[in-house]
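Novice: This is the structure I want to talk about, given as structure tokens.
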There are 2 protein chains.
Amino acid sequence: MKGNVIVGQSGGPTAAINSSLAGVFRTAVDRGANKVYGMRNGIQGLLEERYVDLSEHIRNELDEELLKRTPAAYLGSCRYKLPEIAEDPAVYEKVFKILEKLDIECFVYIGGNDSMDTIKKLSDYAVVKGYKIKFMGVPKTIDNDLALTDHTPGYGSAAKYIGTSTKEIIRDCNAIEYKNGMVTIIEIMGRNAGWLTGASVLAKGEDCEGPDMIYLPEITFDVEKFIAKVKDLLTKKSSVVVAVSEGIKVEGGRYVCELSTGIDYVDAFGHKQLSGTATYLANRLSGELGCKARAVEFSTLQRAASHLISRVDINEAYAAGGAAIKAADEGDTGDMVILDRVSDDPYQCTTGLRDVHKVSNVEKTVPREWINEEGDYVTQEFIDYVKPLIDGEVPPIMMDGVPRHLYHCDKW
Amino acid sequence: MKGNVIVGQSGGPTAAINSSLAGVFRTAVDRGANKVYGMRNGIQGLLEERYVDLSEHIRNELDEELLKRTPAAYLGSCRYKLPEIAEDPAVYEKVFKILEKLDIECFVYIGGNDSMDTIKKLSDYAVVKGYKIKFMGVPKTIDNDLALTDHTPGYGSAAKYIGTSTKEIIRDCNAIEYKNGMVTIIEIMGRNAGWLTGASVLAKGEDCEGPDMIYLPEITFDVEKFIAKVKDLLTKKSSVVVAVSEGIKVEGGRYVCELSTGIDYVDAFGHKQLSGTATYLANRLSGELGCKARAVEFSTLQRAASHLISRVDINEAYAAGGAAIKAADEGDTGDMVILDRVSDDPYQCTTGLRDVHKVSNVEKTVPREWINEEGDYVTQEFIDYVKPLIDGEVPPIMMDGVPRHLYHCDKW
């Protein structure tokens with residue numbers, strides 16, 4: 001390639017999104033890009049002409065290695081959604097004016113569903129207006145809810161953290177036997193898709209029983225049936241550990257967490273803001289069964305824990321970034337890079353391309369047959385699917401006892 | 001030594017207590033102990049004659065290495081407090097009958113303040129009644145609130161986790177810029193002592209600003225002053241991260257978390273059960289400042305995260321266990337092993353012994369001069385104290401992508 005590349009990050013941070021950024025940067029440089037720009041805070045920052053020359057910030061191989069191990073979005077992220085082209089063409093004119101000024105040949109956007117929507121609109125606009133700029137999407141979401149790709153970069157690392165932390169919590173819960181038993185409810189992210197919550201099954205092994213129950217948002221949740229099941233379990237064991245998705249809903253579609261407060265919070269995309277599912281259930285259990293009950297929320301930790309990332313995930317995130325540049329350089333546009341699993345055991349996976357029109361705004365949920373009949377656990381098929389994705393580690397580079405990140409706060 | 005050893009674990013689980021158990025086991029075996037018994041669930045299990053022959057469970061060197069990396073209490077813990085001798089001598093008669101039956105020469109108890117109280121009472125009783133059994137305490141608490149020892153095994157690993165996770169959360173918080181700013185409140189364990197909360201300062205470095213404010217329970221908390229300070233900070237930066245102890249109290253001694261609910265929960269030792277400090281403050285901030293606010297609780301994770309332990313801590317925990325056996329074998333009784341810091345830089349530390357009468361039930365808090373004048377941050381002295389304790393790693397032994405623990409659930 002001869003011109004310049006610009007890359008941005010959008011949506012919720014993950015532990016792998018910066019590895020994709022590193023892949024974009026390295027491949028663009030290797031394929032002869034003149035400049036590799038980074039948008040500050042995605043398309044929102046680009047509209048304010050906030051961008052950086054990445055070679056000033058990723059200065060050597062060590063920086064690249066640190067970038068792979070740095071959580072969240074190195075360039076800053078945004079939750080800005082482009083308007084429909086017909087509604088506000090001025091925004092598009094502004095974007096393309098900036099891209100032309102920067103002599104951009106390839107625009108890469110790393111993000112989830114909403115980010116792929118951005119790629120779709122910009123590539124449509126380019127085609128209609130005759131711009132030669134190539135637009136490529138690189139998937140990123142811990143939620144793993146993007147269609148057409150086997151899985152998404154970011155999911156494997158979050159799954160590894162969830163499996164590990166669930167196991168450590170089960171160990172902790174077994175330490176003390178309480179007279180009336182103890183129930184621990186672990187709340188895991190995932191509004192509509194249970195990929196993350198299902199990953200709690202990874203705690204299970206020769207040395208750990210795993211969680212006693214796993215509730216995904218794909219299955220309607222029955223509070224009374226749940227309480228009865230816990231009551232029964234407490235007659236057999238003194239510690240019960242349950243993994244629940246933040247997004248579990250009761251019959252009629254109401255979120256469990258809304259049962260307590262009656263208040264709906266809504267974010268910029270109209271998504272309801274959830275919290276308190278585990279607390280609500282723990283309160284119900286201690287009130288009705290007289291047991292000790294506690295709530296543990298993995299919260300932001302599950303998407304930011306780059307100290308415990310999956311090597312498979314980080315390498316695939318890196319490869320997906322590189323594949324976007326390669327495809328654009330070879331003339332593709334309006335595509336999202338996908339991960340194509342060739343086999344489970346031995347695990348093999350390659351990158352591919354899919355038309356971004358077929359991708360955006362479709363949420364991929366856990367198949368019904370990967371959840372048991374009772375709706376309170378995942379099946380072996382789920383385990384076989386997720387296990388290869390958490391394999392291997394990328395040890396953090398430790399300085400003074402904590403992981404070192406790539407960050408030059410004074411340089412933007 | 002010629003007779004048998006018995007060892008138990010008590011109080012809250014940590015990521016280092018099993019390393020002390022490994023140190024007790026290894027040193028007892030090396031010094032010729034006939035049998036090394038493990039009490040199941042501490043003194044409570046012993047009273048029910050629940051104990052195991054540890055050599056049947058720790059079978060080789062790999063088991064010892066796994067034990068060091070296994071969180072919580074391998075033998076099971078308890079929160080049982082021995083009655084005063086005069087009040088219920090029958091309990092003591094029962095304990096000593098069991099110990100005599102097992103031909104116990106040395107009794108080691110690994111735990112916190114309440115556990116040292118057990119050692120004190122048992123060693124007093126032994127002296128009064130003429131028993132030759134030696135009683136030794138090995139300190140353990142993530143809270144670091146035991147007097148006479150420079151620090152406690154378990155603290156360094158929890159501090160490493162807190163520093164690392166705080167840093168990752170700060171990174172996550174900086175990813176998206178919200179219009180009215182975002183405030184993240186991290187809630188960290190510690191009822192009366194701020195050692196753990198102070199460790200959030202470890203996030204600070206060349207690549208991270210660290211938390212903006214740190215509130216320890218040693219200083220009376222002023223909610224209005226806090227809100228004003230956050231308001232001011234939000235005019236300068238878009239993301240504010242605050243670390244608070246679960247035990248911060250307002251003027252008059254009321255816990256901040258009680259301001260919302262008005263309900264006091266009390267555990268078996270009469271300690272108030274706390275939760276919700278961060279949630280309360282986040283709600284106040286979003287309500288009064290109109291900013292986005294979120295609460296992150298490190299919860300059980302901070303004491304169970306054996307995937308991110310400090311090598312210094314794990315080695316010291318191991319050494320403390322060994323030192324207890326050595327001292328008992330040389331004739332000491334009624335002592336607690338302490339850690340004696342020889343120098344900060346280079347860090348050097350040895351074990352020592354202190355009369356357990358001087359230790360128990362005295363809570364060591366953070367010195368006033370290690371907290372800044374405003375009462376919202378720790379000083380360089382605090383950093384110099386804690387930094388060596390989180391140094392180095394003990395990488396987990398990974399199997400199928402998650403850490404392997406020592407656990408034979410079918411064998412007890």
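Letters A, B, ... mark the chains of the structure tokens in the order given; residue numbers begin at 1 per chain; ligand numbers begin at 1, in order shown.
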Just need the residues of chain A within 6 Å of chain B, counting only C-alpha atoms, so spit them out as number ranges by chain.

Specialist: A: 72-73, 76-78, 164, 168, 171-172, 175-176, 207, 304, 390-392, 401-402, 407

Novice: Keeping only C-alpha atoms, take the residues you just selected and write them out as an mmCIF file, in the first residue's frame.

Specialist:
data_model
loop_
_atom_site.group_PDB
_atom_site.id
_atom_site.type_symbol
_atom_site.label_atom_id
_atom_site.label_comp_id
_atom_site.auth_asym_id
_atom_site.auth_seq_id
_atom_site.Cartn_x
_atom_site.Cartn_y
_atom_site.Cartn_z
ATOM 1 C CA ALA A 72 -9.301 -1.036 27.438
ATOM 2 C CA ALA A 73 -8.994 1.072 24.293
ATOM 3 C CA GLY A 76 -9.873 5.893 23.518
ATOM 4 C CA SER A 77 -13.295 4.654 22.529
ATOM 5 C CA CYS A 78 -16.704 6.198 21.930
ATOM 6 C CA THR A 164 -10.507 -18.705 36.831
ATOM 7 C CA GLU A 168 -11.206 -19.225 43.090
ATOM 8 C CA ARG A 171 -12.645 -22.521 46.693
ATOM 9 C CA ASP A 172 -13.226 -19.559 49.000
ATOM 10 C CA ALA A 175 -13.555 -22.844 53.310
ATOM 11 C CA ILE A 176 -16.111 -22.226 56.033
ATOM 12 C CA ASP A 207 -10.061 -30.345 41.146
ATOM 13 C CA ALA A 304 -10.225 -5.268 31.821
ATOM 14 C CA ILE A 390 -9.026 -19.704 26.746
ATOM 15 C CA ASP A 391 -5.908 -21.704 26.061
ATOM 16 C CA GLY A 392 -2.459 -20.373 26.873
ATOM 17 C CA GLY A 401 4.952 -5.874 41.143
ATOM 18 C CA VAL A 402 2.166 -4.740 38.793
ATOM 19 C CA TYR A 407 0.454 4.608 28.002
#

Novice: Which neighbours of B:Val127 fall inside 10 Å, counting only C-alpha atoms, when residues of the same chain fewer than 6 positions from it are skipped, and could you give them as a PyMOL selection string?

Specialist: chain B and resi 121+133-134+333-334

Novice: Which of stretch 154-296 of chain B end up as helix (DSSP H, G or I) when DSSP is run on this backbone - answer as a ChimeraX atom specification?

Specialist: /B:155-173,195-203,223-234,256-261,277-289

Novice: Please provide the set of residues having any atom within 9 Å of A:Asp329, restricted to only C-alpha atoms, with same-chain residues fewer than 5 positions apart removed, written as an MDAnalysis selection string.

Specialist: chainID A and resid 1 28 31 105:106 134 324

Novice: Would you save the residues of that selection, restricted to N, CA and C atoms, as a PDB file, in the first residue's frame?

Specialist:
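Saved to out.pdb:
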ATOM      1  N   MET A   1       0.829  -1.190   0.000  1.00  0.00           N
ATOM      2  CA  MET A   1       0.000   0.000   0.000  1.00  0.00           C
ATOM      3  C   MET A   1       0.872   1.252   0.000  1.00  0.00           C
ATOM      4  N   ALA A  28       0.117  -2.807   8.572  1.00  0.00           N
ATOM      5  CA  ALA A  28       0.114  -1.612   7.723  1.00  0.00           C
ATOM      6  C   ALA A  28       1.543  -1.142   7.462  1.00  0.00           C
ATOM      7  N   ARG A  31       3.325  -3.569   5.169  1.00  0.00           N
ATOM      8  CA  ARG A  31       2.864  -3.540   3.774  1.00  0.00           C
ATOM      9  C   ARG A  31       3.114  -2.189   3.107  1.00  0.00           C
ATOM     10  N   GLU A 105      -6.167   5.706   2.679  1.00  0.00           N
ATOM     11  CA  GLU A 105      -6.420   4.652   1.717  1.00  0.00           C
ATOM     12  C   GLU A 105      -7.274   3.562   2.357  1.00  0.00           C
ATOM     13  N   CYS A 106      -7.100   3.407   3.665  1.00  0.00           N
ATOM     14  CA  CYS A 106      -7.813   2.339   4.379  1.00  0.00           C
ATOM     15  C   CYS A 106      -8.229   2.802   5.771  1.00  0.00           C
ATOM     16  N   LYS A 134     -11.011   2.298   1.328  1.00  0.00           N
ATOM     17  CA  LYS A 134     -11.504   0.980   1.752  1.00  0.00           C
ATOM     18  C   LYS A 134     -11.883   1.034   3.244  1.00  0.00           C
ATOM     19  N   ALA A 324      -7.414  -7.401   8.323  1.00  0.00           N
ATOM     20  CA  ALA A 324      -8.188  -6.258   7.806  1.00  0.00           C
ATOM     21  C   ALA A 324      -7.335  -5.429   6.856  1.00  0.00           C
TER      22      ALA A 324
END

Novice: Expressed in Å to a single decimal, how great is the separation between atom CA of B:Phe382 and atom CA of B:Met189?

Specialist: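 Answer for the atom CA of B:Phe382 to atom CA of B:Met189 separation: 17.4 Å.
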
Novice: In Å, how far is it from atom CA of A:Ser239 to atom CA of B:Gly190?

Specialist: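 We find that atom CA of A:Ser239 and atom CA of B:Gly190 lie 24.1 Å from each other.
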
Novice: Atom CA of A:Gly198 and atom CA of A:Tyr215, how far apart in Å?

Specialist: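 Distance reported for this atom pair: 7.8 Å.
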
Novice: Could you list, as a list of chain:residue names, every residue within 8 Å of B:Val138, counting only C-alpha atoms and ignoring same-chain residues fewer than 4 positions away?

Specialist: B:Ser20, B:Val108, B:Tyr109, B:Ile110, B:Gly111, B:Ala320, B:Gly321, B:Ala324, B:Met336, B:Val337, B:Ile338

Novice: Would you mind listing what lies within 7 Å of A:Asn144 as an MDAnalysis selection string, with only C-alpha atoms counted and same-chain residues fewer than 5 positions away left out?

Specialist: chainID A and resid 151:152 155 195

Novice: Keeping only N, CA and C atoms, write those residues as a short mmCIF file (atom, residue, chain, number, x, y, z; two decimals), in the first residue's frame.

Specialist:
data_model
loop_
_atom_site.label_atom_id
_atom_site.label_comp_id
_atom_site.auth_asym_id
_atom_site.auth_seq_id
_atom_site.Cartn_x
_atom_site.Cartn_y
_atom_site.Cartn_z
N HIS A 151 -16.41 -16.78 16.74
CA HIS A 151 -16.35 -16.11 18.04
C HIS A 151 -15.69 -14.76 17.82
N THR A 152 -15.67 -13.92 18.86
CA THR A 152 -15.10 -12.59 18.69
C THR A 152 -13.85 -12.42 19.53
N TYR A 155 -13.52 -12.24 23.66
CA TYR A 155 -14.33 -13.20 24.41
C TYR A 155 -13.47 -14.20 25.16
N TRP A 195 -22.98 -16.09 26.59
CA TRP A 195 -21.64 -16.64 26.33
C TRP A 195 -20.71 -16.45 27.53
#

Novice: Skip stretch 217-220 of chain B itself and residues of its chain fewer than 3 positions away, then list as a VMD selection string all residues within 7 Å of it, counting only C-alpha atoms.

Specialist: chain B and resid 191 to 194 245 247 to 251 375

Novice: Would you mind telling me which residue in B:Leu259, B:Ile17, B:Val242, B:Val312 lies nearest to B:Gly112 when using only C-alpha atoms?

Specialist: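 That would be B:Ile17, the residue with the smallest distance to B:Gly112.
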
Novice: Could you check the closest approach to B:Met136 for each of B:Ser286, B:Thr118, B:Thr365, B:Asn180 and tell me which residue wins, using only C-alpha atoms?

Specialist: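 Looking only at the distances to B:Met136, the closest residue turns out to be B:Thr118.
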
Novice: Determine the nearest neighbour of B:Arg59 from the options B:Lys236, B:Lys81, B:Lys292, B:Arg26, counting only C-alpha atoms.

Specialist: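 Among the listed residues, the smallest separation from B:Arg59 belongs to B:Arg26.
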
Novice: Per DSSP on the backbone, what are the strand (DSSP E or B) residues of stretch 283-365 of chain B, as a ChimeraX atom specification?

Specialist: /B:292-297,310,335-344,347-355,363

Novice: When distances are computed from only C-alpha atoms, which of A:Val362, A:Leu47, A:Leu353, A:Ile214 shows the smallest separation from A:Tyr80?

Specialist: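 Checking each candidate against A:Tyr80, we get A:Leu47 as the closest.
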